[in-house]
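Raw contents of my_file18.tsv, TSV, C-alpha atoms:
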chain	number	residue	atom	x	y	z
A	1	MET	CA	0.00	0.00	0.00
A	2	HIS	CA	3.01	2.28	0.39
A	3	ILE	CA	3.21	5.09	-2.13
A	4	PRO	CA	6.74	5.26	-3.54
A	5	ASP	CA	8.69	8.39	-4.44
A	6	GLY	CA	7.84	10.00	-7.76
A	7	LEU	CA	4.14	9.14	-7.80
A	8	ILE	CA	2.78	12.09	-5.84
A	9	SER	CA	3.33	15.80	-6.33
A	10	PRO	CA	5.02	18.29	-3.96
A	11	GLN	CA	1.60	19.99	-3.71
A	12	THR	CA	0.53	16.80	-1.92
A	13	TYR	CA	3.49	15.69	0.16
A	14	LEU	CA	4.55	19.11	1.46
A	15	PRO	CA	1.16	19.86	3.11
A	16	ALA	CA	1.18	16.28	4.40
A	17	LEU	CA	4.56	16.95	6.03
A	18	VAL	CA	3.17	20.13	7.63
A	19	ILE	CA	0.32	18.07	9.12
A	20	ALA	CA	2.44	15.07	10.12
A	21	ALA	CA	5.34	16.90	11.80
A	22	PRO	CA	3.37	18.26	14.81
A	23	LEU	CA	1.56	14.94	15.14
A	24	TRP	CA	4.93	13.16	15.39
A	25	LEU	CA	5.93	15.60	18.16
A	26	VAL	CA	2.72	14.93	20.10
A	27	ALA	CA	3.22	11.18	19.66
A	28	ARG	CA	6.81	11.44	20.90
A	29	ARG	CA	5.66	13.25	24.04
A	30	ARG	CA	3.00	10.58	24.66
A	31	LEU	CA	5.61	7.85	24.26
A	32	GLN	CA	8.06	9.55	26.62
A	33	ALA	CA	5.36	9.95	29.25
A	34	ARG	CA	4.40	6.27	29.22
A	35	LEU	CA	7.57	4.42	28.27
A	36	GLY	CA	8.75	1.80	30.75
A	37	ASP	CA	11.24	-1.07	30.41
A	38	GLU	CA	8.57	-3.73	29.91
A	39	MET	CA	6.63	-1.64	27.48
A	40	LEU	CA	9.79	-0.89	25.52
A	41	SER	CA	10.56	-4.57	24.97
A	42	ARG	CA	6.96	-5.26	23.87
A	43	LEU	CA	6.96	-2.25	21.61
A	44	THR	CA	10.21	-3.50	20.04
A	45	VAL	CA	8.79	-6.96	19.35
A	46	LEU	CA	5.43	-5.75	18.00
A	47	THR	CA	7.02	-3.02	15.86
A	48	ALA	CA	9.33	-5.67	14.39
A	49	LEU	CA	6.25	-7.82	13.74
A	50	ALA	CA	4.55	-4.88	11.99
A	51	LEU	CA	7.68	-4.43	9.85
A	52	LEU	CA	7.66	-8.09	8.88
A	53	LEU	CA	3.92	-8.07	8.14
A	54	SER	CA	4.29	-5.05	5.90
A	55	THR	CA	7.04	-6.73	3.86
A	56	LEU	CA	5.32	-10.07	3.23
A	57	MET	CA	3.95	-9.73	-0.29
A	58	LEU	CA	0.78	-11.70	-1.01
A	59	PRO	CA	-0.01	-12.45	-4.67
A	60	LEU	CA	-3.49	-11.20	-5.54
A	61	PRO	CA	-5.87	-11.92	-8.43
A	62	GLY	CA	-5.29	-9.54	-11.32
A	63	GLY	CA	-1.52	-9.86	-11.46
A	64	THR	CA	-0.62	-7.63	-8.56
A	65	SER	CA	0.39	-8.21	-4.97
A	66	GLY	CA	-0.29	-6.60	-1.63
A	67	HIS	CA	0.83	-6.77	1.95
A	68	ALA	CA	-0.63	-6.47	5.41
A	69	VAL	CA	-0.25	-3.19	7.30
A	70	GLY	CA	0.24	-4.19	10.95
A	71	VAL	CA	-0.68	-0.86	12.52
A	72	GLY	CA	-3.97	-2.18	13.95
A	73	LEU	CA	-2.19	-4.45	16.41
A	74	LEU	CA	0.14	-1.67	17.53
A	75	ALA	CA	-2.82	0.68	18.00
A	76	LEU	CA	-4.86	-1.84	20.02
A	77	VAL	CA	-1.96	-2.71	22.32
A	78	PHE	CA	-0.20	0.66	22.72
A	79	GLY	CA	-2.82	3.23	21.67
A	80	PRO	CA	-3.04	5.25	18.46
A	81	TRP	CA	-0.34	7.84	19.22
A	82	ILE	CA	2.42	5.36	20.00
A	83	ALA	CA	1.25	3.18	17.10
A	84	PHE	CA	1.52	6.20	14.78
A	85	LEU	CA	5.09	6.88	15.89
A	86	ALA	CA	6.18	3.24	15.79
A	87	TYR	CA	4.61	2.72	12.39
A	88	SER	CA	6.28	5.85	11.07
A	89	LEU	CA	9.61	4.26	12.07
A	90	VAL	CA	8.57	1.12	10.17
A	91	LEU	CA	7.77	3.21	7.08
A	92	LEU	CA	11.05	5.11	7.36
A	93	LEU	CA	13.06	1.87	7.51
A	94	GLN	CA	11.06	0.46	4.62
A	95	ALA	CA	11.77	3.54	2.54
A	96	VAL	CA	15.46	3.85	3.40
A	97	VAL	CA	16.54	0.22	3.75
A	98	VAL	CA	14.00	-2.03	2.04
A	99	GLY	CA	13.14	0.19	-0.91
A	100	ALA	CA	9.35	0.10	-0.40
A	101	GLY	CA	7.59	3.44	-0.09
A	102	GLY	CA	9.60	6.62	-0.25
A	103	ILE	CA	11.09	9.53	1.65
A	104	THR	CA	8.97	12.24	0.03
A	105	ALA	CA	5.88	10.05	0.35
A	106	LEU	CA	6.64	9.23	4.00
A	107	PRO	CA	4.30	11.85	5.54
A	108	VAL	CA	1.42	10.75	3.29
A	109	ASN	CA	2.01	7.06	4.02
A	110	ALA	CA	2.42	7.72	7.76
A	111	LEU	CA	-0.75	9.81	7.95
A	112	ALA	CA	-2.82	7.30	5.99
A	113	MET	CA	-1.60	4.02	7.48
A	114	GLY	CA	-0.15	5.08	10.84
A	115	PHE	CA	-2.52	7.85	11.89
A	116	VAL	CA	-5.84	7.27	10.12
A	117	GLY	CA	-5.45	3.48	10.15
A	118	GLY	CA	-4.49	3.42	13.84
A	119	TRP	CA	-7.14	5.86	15.03
A	120	THR	CA	-9.89	4.17	12.99
A	121	THR	CA	-8.98	0.83	14.57
A	122	VAL	CA	-8.96	2.15	18.13
A	123	LEU	CA	-12.16	4.22	17.85
A	124	LEU	CA	-14.10	1.44	16.18
A	125	PHE	CA	-12.85	-1.10	18.73
A	126	ALA	CA	-14.03	1.16	21.55
A	127	ALA	CA	-17.43	1.57	19.89
A	128	LEU	CA	-17.93	-2.12	19.06
A	129	ARG	CA	-16.42	-3.94	22.05
A	130	ARG	CA	-19.81	-4.25	23.78
A	131	PHE	CA	-20.75	-6.69	20.99
A	132	GLY	CA	-17.83	-8.93	21.93
A	133	GLU	CA	-14.09	-8.51	21.84
A	134	GLY	CA	-13.42	-10.85	18.91
A	135	PRO	CA	-15.80	-9.26	16.40
A	136	ALA	CA	-14.81	-5.80	17.62
A	137	VAL	CA	-11.10	-6.44	16.99
A	138	ALA	CA	-11.75	-8.06	13.59
A	139	ILE	CA	-14.08	-5.34	12.32
A	140	ALA	CA	-11.94	-2.52	13.71
A	141	VAL	CA	-8.73	-3.84	12.15
A	142	TRP	CA	-10.43	-4.50	8.79
A	143	CYS	CA	-11.89	-0.99	8.76
A	144	GLY	CA	-8.51	0.45	9.76
A	145	VAL	CA	-6.86	-1.21	6.75
A	146	MET	CA	-9.69	-0.12	4.44
A	147	SER	CA	-9.67	3.48	5.67
A	148	ALA	CA	-5.93	3.75	5.01
A	149	ALA	CA	-6.39	2.17	1.57
A	150	LEU	CA	-9.24	4.57	0.74
A	151	LEU	CA	-7.20	7.61	1.76
A	152	LEU	CA	-4.19	6.50	-0.28
A	153	ALA	CA	-6.44	5.70	-3.26
A	154	LEU	CA	-7.86	9.23	-3.10
A	155	VAL	CA	-4.40	10.78	-2.78
A	156	LEU	CA	-3.19	8.82	-5.81
A	157	GLY	CA	-6.40	9.33	-7.77
A	158	LEU	CA	-6.33	13.11	-7.33
A	159	GLN	CA	-2.79	13.45	-8.73
A	160	PRO	CA	-3.91	13.87	-12.39
A	161	TRP	CA	-5.87	16.97	-11.30
A	162	ILE	CA	-3.30	18.32	-8.85
A	163	ALA	CA	-0.22	18.36	-11.11
A	164	GLN	CA	-0.36	18.56	-14.89
A	165	GLY	CA	2.17	19.35	-17.59
A	166	PRO	CA	1.72	22.25	-20.06
A	167	ASP	CA	-0.21	19.94	-22.39
A	168	GLY	CA	-2.54	18.82	-19.61
A	169	THR	CA	-0.99	15.38	-19.13
A	170	PRO	CA	-0.49	14.21	-15.53
A	171	ARG	CA	3.04	14.88	-14.27
A	172	PHE	CA	2.87	12.26	-11.55
A	173	PHE	CA	0.44	9.38	-11.00
A	174	PRO	CA	-1.68	9.07	-14.16
A	175	PHE	CA	-4.82	7.19	-12.98
A	176	GLY	CA	-7.93	8.86	-11.57
A	177	PRO	CA	-10.02	7.78	-8.56
A	178	ALA	CA	-12.30	5.64	-10.73
A	179	VAL	CA	-9.27	3.37	-11.21
A	180	THR	CA	-7.39	3.76	-7.94
A	181	ILE	CA	-10.29	3.25	-5.52
A	182	PRO	CA	-11.28	-0.23	-6.75
A	183	ALA	CA	-7.63	-1.10	-7.45
A	184	LEU	CA	-6.70	-0.48	-3.82
A	185	LEU	CA	-9.89	-1.31	-1.95
A	186	LEU	CA	-10.71	-4.67	-3.54
A	187	PRO	CA	-7.35	-6.34	-2.78
A	188	HIS	CA	-7.20	-4.78	0.67
A	189	ALA	CA	-10.64	-6.13	1.52
A	190	LEU	CA	-8.97	-9.57	1.35
A	191	ILE	CA	-5.73	-8.46	2.98
A	192	GLY	CA	-7.66	-6.71	5.76
A	193	ALA	CA	-9.58	-9.91	6.52
A	194	GLY	CA	-6.32	-11.85	6.87
A	195	GLU	CA	-4.77	-9.12	8.98
A	196	ALA	CA	-7.88	-8.99	11.20
A	197	ALA	CA	-7.60	-12.73	11.92
A	198	LEU	CA	-3.88	-12.48	12.67
A	199	THR	CA	-4.33	-9.41	14.84
A	200	LEU	CA	-7.07	-11.14	16.83
A	201	LEU	CA	-4.75	-14.06	17.59
A	202	VAL	CA	-1.92	-11.82	18.78
A	203	PHE	CA	-4.30	-9.45	20.59
A	204	ARG	CA	-5.77	-12.32	22.65
A	205	HIS	CA	-2.26	-13.44	23.56
A	206	ALA	CA	-1.37	-9.86	24.53
A	207	ARG	CA	-4.50	-9.58	26.67
A	208	ARG	CA	-3.76	-12.84	28.51
A	209	ARG	CA	-0.23	-11.63	29.19
A	210	ARG	CA	-1.54	-8.22	30.32
A	211	TRP	CA	0.42	-6.40	27.66
A	212	LEU	CA	-2.34	-3.98	26.76
A	213	GLU	CA	-1.32	-0.40	27.41
A	214	VAL	CA	-4.66	1.08	26.43
A	215	PRO	CA	-7.22	1.34	29.22
A	216	GLY	CA	-10.15	-1.02	29.33
B	1	MET	CA	-10.98	23.26	-85.82
B	2	ASP	CA	-9.45	19.79	-86.20
B	3	GLU	CA	-6.05	21.18	-85.37
B	4	ARG	CA	-7.52	22.84	-82.23
B	5	ASN	CA	-9.14	19.55	-81.14
B	6	CYS	CA	-5.88	17.77	-81.76
B	7	ARG	CA	-4.02	20.27	-79.50
B	8	ILE	CA	-6.63	19.86	-76.76
B	9	GLY	CA	-6.32	16.06	-77.06
B	10	ARG	CA	-2.52	16.29	-76.76
B	11	GLY	CA	-2.90	18.53	-73.69
B	12	HIS	CA	-5.22	16.00	-72.04
B	13	ALA	CA	-2.84	13.18	-72.83
B	14	LEU	CA	0.03	15.18	-71.29
B	15	CYS	CA	-2.01	15.80	-68.11
B	16	VAL	CA	-2.89	12.10	-67.81
B	17	ALA	CA	0.76	11.17	-68.33
B	18	LEU	CA	1.86	13.62	-65.64
B	19	LEU	CA	-0.75	12.25	-63.24
B	20	LEU	CA	0.42	8.73	-63.90
B	21	LEU	CA	3.98	9.83	-63.19
B	22	LEU	CA	3.01	11.48	-59.86
B	23	LEU	CA	0.79	8.63	-58.64
B	24	PRO	CA	3.64	6.48	-57.24
B	25	VAL	CA	4.96	9.56	-55.39
B	26	ALA	CA	1.55	10.15	-53.76
B	27	GLY	CA	1.35	6.46	-52.93
B	28	HIS	CA	4.78	6.60	-51.26
B	29	ALA	CA	3.72	9.56	-49.16
B	30	HIS	CA	1.13	7.32	-47.44
B	31	ALA	CA	3.32	4.24	-47.16
B	32	LEU	CA	4.85	3.16	-43.82
B	33	LEU	CA	8.33	1.96	-44.45
B	34	HIS	CA	10.37	-0.06	-42.01
B	35	GLU	CA	13.82	-1.42	-41.52
B	36	VAL	CA	15.30	-3.75	-38.95
B	37	VAL	CA	17.91	-1.80	-37.03
B	38	GLU	CA	20.80	-3.66	-35.46
B	39	GLY	CA	21.95	-2.15	-32.17
B	40	GLU	CA	22.10	-2.17	-28.42
B	41	ALA	CA	19.07	-1.32	-26.28
B	42	VAL	CA	18.49	-0.83	-22.57
B	43	ILE	CA	16.16	-3.54	-21.29
B	44	LEU	CA	14.46	-3.27	-17.89
B	45	ARG	CA	12.43	-5.98	-16.23
B	46	PHE	CA	9.95	-5.21	-13.44
B	47	THR	CA	8.82	-7.70	-10.82
B	48	PHE	CA	7.12	-7.50	-7.46
B	49	PRO	CA	9.26	-8.55	-4.48
B	50	ASP	CA	7.69	-12.02	-4.59
B	51	ALA	CA	9.08	-12.36	-8.15
B	52	GLN	CA	5.62	-11.94	-9.68
B	53	VAL	CA	5.81	-10.25	-13.08
B	54	VAL	CA	4.50	-6.69	-13.45
B	55	GLY	CA	2.88	-7.25	-16.85
B	56	PHE	CA	1.22	-4.76	-19.23
B	57	GLU	CA	1.57	-1.79	-16.88
B	58	PRO	CA	2.13	1.71	-18.31
B	59	TYR	CA	5.56	3.32	-18.30
B	60	GLU	CA	7.31	6.36	-19.66
B	61	VAL	CA	10.95	7.06	-20.46
B	62	LEU	CA	12.24	10.62	-20.03
B	63	ALA	CA	15.39	11.79	-21.80
B	64	PRO	CA	17.94	13.85	-19.80
B	65	GLY	CA	16.49	17.26	-18.91
B	66	VAL	CA	13.30	16.79	-20.94
B	67	GLU	CA	9.87	16.51	-19.33
B	68	ILE	CA	7.99	15.31	-22.39
B	69	PRO	CA	8.35	11.51	-22.58
B	70	PHE	CA	10.87	10.19	-25.09
B	71	GLN	CA	8.96	6.92	-25.09
B	72	SER	CA	5.81	5.65	-23.42
B	73	GLY	CA	3.71	2.54	-23.54
B	74	ARG	CA	3.08	-0.60	-21.59
B	75	VAL	CA	5.60	-3.20	-20.49
B	76	ASN	CA	5.25	-6.57	-22.18
B	77	ALA	CA	3.87	-9.80	-20.72
B	78	LEU	CA	7.26	-10.48	-19.14
B	79	GLY	CA	7.26	-7.12	-17.37
B	80	GLU	CA	9.99	-5.82	-19.69
B	81	LEU	CA	10.54	-2.61	-21.58
B	82	SER	CA	13.37	-1.61	-23.86
B	83	PHE	CA	14.55	1.67	-25.33
B	84	ARG	CA	17.54	3.06	-27.18
B	85	PRO	CA	19.01	6.20	-25.60
B	86	ASP	CA	20.10	8.67	-28.28
B	87	ARG	CA	22.19	10.86	-26.01
B	88	PRO	CA	24.27	10.50	-22.84
B	89	GLY	CA	22.98	11.68	-19.47
B	90	THR	CA	20.52	10.64	-16.79
B	91	TRP	CA	17.54	8.86	-18.30
B	92	ARG	CA	14.50	8.37	-16.10
B	93	VAL	CA	12.09	5.44	-16.38
B	94	ARG	CA	8.78	5.65	-14.53
B	95	LEU	CA	6.33	2.80	-14.18
B	96	PHE	CA	2.95	2.92	-12.47
B	97	THR	CA	0.39	0.32	-11.54
B	98	ALA	CA	-3.20	1.30	-10.89
B	99	ASP	CA	-3.04	0.17	-7.27
B	100	GLY	CA	-0.28	2.62	-6.41
B	101	HIS	CA	2.81	0.52	-6.95
B	102	GLY	CA	5.43	2.25	-8.95
B	103	ALA	CA	9.07	2.79	-9.64
B	104	GLU	CA	11.16	5.72	-10.77
B	105	ILE	CA	14.57	4.65	-11.95
B	106	ASP	CA	17.45	6.89	-13.01
B	107	LEU	CA	19.92	5.40	-15.45
B	108	GLU	CA	23.27	7.03	-16.20
B	109	VAL	CA	23.92	6.47	-19.91
B	110	ASP	CA	27.31	7.09	-21.53
B	111	GLU	CA	28.18	8.27	-25.07
B	112	ALA	CA	27.96	4.71	-26.40
B	113	GLY	CA	24.42	4.31	-25.05
B	114	SER	CA	25.46	1.88	-22.31
B	115	VAL	CA	24.10	2.12	-18.78
B	116	MET	CA	26.96	3.20	-16.49
B	117	ARG	CA	25.14	3.33	-13.22
B	118	ARG	CA	21.59	3.00	-12.03
B	119	GLY	CA	19.92	4.92	-9.26
B	120	HIS	CA	16.91	3.83	-7.18
B	121	HIS	CA	17.21	0.51	-5.41
B	122	GLY	CA	18.91	-2.71	-6.32
B	123	GLY	CA	17.28	-5.66	-8.00
B	124	PRO	CA	14.60	-7.83	-6.44
B	125	HIS	CA	17.01	-10.60	-5.53
B	126	ASN	CA	18.30	-8.95	-2.38
B	127	TYR	CA	14.84	-7.91	-1.13
B	128	TRP	CA	14.82	-10.25	1.87
B	129	LEU	CA	18.36	-9.26	2.70
B	130	ARG	CA	17.14	-5.67	2.91
B	131	VAL	CA	14.14	-6.69	5.04
B	132	LEU	CA	16.55	-8.45	7.37
B	133	ALA	CA	18.75	-5.35	7.45
B	134	ALA	CA	15.69	-3.20	8.30
B	135	LEU	CA	14.80	-5.56	11.14
B	136	GLY	CA	18.38	-5.28	12.36
B	137	TYR	CA	18.24	-1.49	12.32
B	138	LEU	CA	14.91	-1.55	14.15
B	139	LEU	CA	16.10	-3.88	16.89
B	140	GLY	CA	19.36	-1.96	17.11
B	141	ALA	CA	17.55	1.36	17.52
B	142	PHE	CA	15.36	-0.02	20.30
B	143	GLY	CA	18.43	-1.68	21.87
B	144	LEU	CA	20.21	1.68	21.97
B	145	LEU	CA	17.13	3.18	23.60
B	146	VAL	CA	17.21	0.47	26.30
B	147	ILE	CA	20.92	1.11	26.96
B	148	TRP	CA	20.38	4.86	27.09
B	149	ARG	CA	17.45	4.49	29.52
B	150	GLY	CA	19.46	2.08	31.68
B	151	ARG	CA	22.40	4.45	31.91
B	152	ARG	CA	20.14	7.37	32.67
B	153	ALA	CA	18.38	5.38	35.43
B	154	ARG	CA	21.72	4.36	36.98
B	155	ALA	CA	23.04	7.91	36.79
B	156	GLY	CA	19.79	9.34	38.20
B	157	PRO	CA	20.13	8.70	41.98
B	158	GLY	CA	23.82	9.73	42.01
Could you spell out this file's structure in structure tokens?
Amino acid sequence: MHIPDGLISPQTYLPALVIAAPLWLVARRRLQARLGDEMLSRLTVLTALALLLSTLMLPLPGGTSGHAVGVGLLALVFGPWIAFLAYSLVLLLQAVVVGAGGITALPVNALAMGFVGGWTTVLLFAALRRFGEGPAVAIAVWCGVMSAALLLALVLGLQPWIAQGPDGTPRFFPFGPAVTIPALLLPHALIGAGEAALTLLVFRHARRRRWLEVPG
Amino acid sequence: MDERNCRIGRGHALCVALLLLLLPVAGHAHALLHEVVEGEAVILRFTFPDAQVVGFEPYEVLAPGVEIPFQSGRVNALGELSFRPDRPGTWRVRLFTADGHGAEIDLEVDEAGSVMRRGHHGGPHNYWLRVLAALGYLLGAFGLLVIWRGRRARAGPG
């Protein structure tokens, strides 16, 4: 789901950086206020798990491939702010070391997957948990993945209108939302279901071990 | 009168002859000629990290310092594209898939049209090596944080 460098315009990633930078500062303060030795080791392990999940490519019908996100688990265990910061680190390492995603696209990717994905998961889980923890986790994680995919599809799909050459041709990503929305949402409906099941397994283990840092 | 008719007839015959002479030229103007050119080309192959082929996706090739594409089209069924650089410099190849995958590759081409150096990231073969390296960096960063916190805690009471 990561957007690589060269696909989105400066008119998109510069405002995204302006939005993301203060959010990273807030998240850093939240982390500093709550960080303990035990939490640090758990955060290390689950961030590494999120990194692995986001690098496992799954072949999808239609000749493409996708990967899980992993931010839902971080958000449910540590809360959305810490999840946002940890997932931004995952995205940075992916961009710099792995070659997935990009430096200029980092704020957009972090906002979509780390912030919107994480917050959607946590808020939906809080709203749905009275119907049972299992369904609440599964639905919340699936919706978190889909919300991130929808936001990235819109960002990509708006590029032909945002940045055009003198002859009106798109200077960056050439497909409109009519193409990008189904192209991203349909595969991620499957990926999100798999990620929801995996997250539920790990979440139950985390709950039994009293790893959950979020209240409730 | 007969002589006049004869002159007109000769004029018509001359016009028809001229038209017949020009017809092959007009025909050539609409012909598409071709020749097989022997030479070197730059060939790029695109795959996903799981080695799946990126087939039939659109791409564009930009010549050094020019924003209008030198070449555009779709990669073939094998995920390959080829082009012949006509000048040295940094050539840029951009490929997009509808679901937001993409690559932007800079190729340094010399006078002979050979690729000297490529920018972007390495080939797909070392993907898992890079994932492993990223995991190493991640664990290392958290490890440093643990050490720093430990030292700060020990230094705190003193």
Go through A:Ala136, A:Ile8, A:Leu185, A:Leu43 one by one, measure the shortest atom-to-atom distance of each to Trp161 in chain A using all atoms listed in the file, and give the residue with the smallest value.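 Looking only at the distances to Trp161 in chain A, the closest residue turns out to be A:Ile8.
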Contacts of Leu135 in chain B at 8 Å (only C-alpha atoms; same-chain gap of 2+ positions) as number ranges by chain: A: 48, 51-52; B: 131-133, 137-139
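In terms of minimum interatomic distance to chain B, A:Phe172 ranks closest within A:Phe203, A:Trp24, A:Phe172, A:Trp81, counting all atoms listed in the file.
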Residue among B:Phe96, B:Trp128, B:Phe48, B:Trp91 lying closest to Phe70 in chain B, counting only C-alpha atoms: B:Trp91
Separation of CA of Gly100 in chain B from CA of Gly101 in chain A in Å: 10.1 Å
Distance CA of Gly117 in chain A-CA of Leu35 in chain A, one decimal place? 22.3 Å
Find the residues around range 73-77 of chain B up to 10 Å (all atoms listed in the file counted), leave out those fewer than 2 positions away in its own chain, and share them as a PyMOL selection string. chain B and resi 44-46+53-61+71+79-82+95-96
Nearest candidate to chain B (options A:Leu128, A:Ala197, A:Ile82, A:Ala183; using only C-alpha atoms):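 Using only C-alpha atoms, the shortest distance to chain B belongs to A:Ala183.
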Nearest to chain B among A:Ala189, A:Leu40, A:Val122, A:Leu53, with distances taken over only C-alpha atoms: which residue is it?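 Closest candidate: A:Leu40.
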Return as a VMD selection string the residues belonging to chain A that are within 6 Å of chain B, counting only C-alpha atoms. chain A and resid 93 97 to 98 180 183 to 184
Would you pick out the contacts of Gly65 in chain B at 10 Å or less, using all atoms listed in the file, so that residues sharing its chain but fewer than 5 positions from it are not included, and give the list as a ChimeraX atom specification? /B:89-92
Can you write just those residues out, C-alpha atoms, as a compact mmCIF listing (two decimals), in the frame of the given file?
# COMPACT_ATOMS: atom_id res chain seq x y z
CA GLY B 89 22.98 11.68 -19.47
CA THR B 90 20.52 10.64 -16.79
CA TRP B 91 17.54 8.86 -18.30
CA ARG B 92 14.50 8.37 -16.10
Can you tell me, as a PyMOL selection string, what residues are no more than 12 Å from Gly192 in chain A when counting all atoms listed in the file, ignoring any on the same chain fewer than 5 positions away? chain A and resi 1+53+58+66-72+117+121+137-149+184-187+197-200
Atom pair CA of Ile3 in chain A / CA of Gly102 in chain A: separation (Å): 6.8 Å
Kindly compute an axis-aligned box around the listed atoms of range 97-105 of chain A, allowing 5 Å on each side, and express its centre and edge lengths in Å to one decimal as AutoDock Vina command-line options.
--center_x 11.2 --center_y 5.1 --center_z 1.4 --size_x 20.7 --size_y 24.3 --size_z 14.7
Using only C-alpha atoms, which protein or nucleic acid residues come within 12 Å of range 26-33 of chain A? Drop anything in the same chain fewer than 2 positions from it, and give the result as an NGL selection string. (:A and (19-24 or 35-37 or 39-40 or 43 or 78-89 or 114-115 or 213)) or (:B and (145 or 149))
May I have the residues at most 12 Å from (5.4, 12.4, 3.8) in the file's coordinates, counting all atoms listed in the file, as a VMD selection string? chain A and resid 2 to 5 8 to 21 24 88 91 to 92 95 101 to 114 152 155
Using only C-alpha atoms, please write the residues we just selected to a file, as a tab-separated table (two decimals), in the frame of the given file.
chain	number	residue	atom	x	y	z
A	2	HIS	CA	3.01	2.28	0.39
A	3	ILE	CA	3.21	5.09	-2.13
A	4	PRO	CA	6.74	5.26	-3.54
A	5	ASP	CA	8.69	8.39	-4.44
A	8	ILE	CA	2.78	12.09	-5.84
A	9	SER	CA	3.33	15.80	-6.33
A	10	PRO	CA	5.02	18.29	-3.96
A	11	GLN	CA	1.60	19.99	-3.71
A	12	THR	CA	0.53	16.80	-1.92
A	13	TYR	CA	3.49	15.69	0.16
A	14	LEU	CA	4.55	19.11	1.46
A	15	PRO	CA	1.16	19.86	3.11
A	16	ALA	CA	1.18	16.28	4.40
A	17	LEU	CA	4.56	16.95	6.03
A	18	VAL	CA	3.17	20.13	7.63
A	19	ILE	CA	0.32	18.07	9.12
A	20	ALA	CA	2.44	15.07	10.12
A	21	ALA	CA	5.34	16.90	11.80
A	24	TRP	CA	4.93	13.16	15.39
A	88	SER	CA	6.28	5.85	11.07
A	91	LEU	CA	7.77	3.21	7.08
A	92	LEU	CA	11.05	5.11	7.36
A	95	ALA	CA	11.77	3.54	2.54
A	101	GLY	CA	7.59	3.44	-0.09
A	102	GLY	CA	9.60	6.62	-0.25
A	103	ILE	CA	11.09	9.53	1.65
A	104	THR	CA	8.97	12.24	0.03
A	105	ALA	CA	5.88	10.05	0.35
A	106	LEU	CA	6.64	9.23	4.00
A	107	PRO	CA	4.30	11.85	5.54
A	108	VAL	CA	1.42	10.75	3.29
A	109	ASN	CA	2.01	7.06	4.02
A	110	ALA	CA	2.42	7.72	7.76
A	111	LEU	CA	-0.75	9.81	7.95
A	112	ALA	CA	-2.82	7.30	5.99
A	113	MET	CA	-1.60	4.02	7.48
A	114	GLY	CA	-0.15	5.08	10.84
A	152	LEU	CA	-4.19	6.50	-0.28
A	155	VAL	CA	-4.40	10.78	-2.78
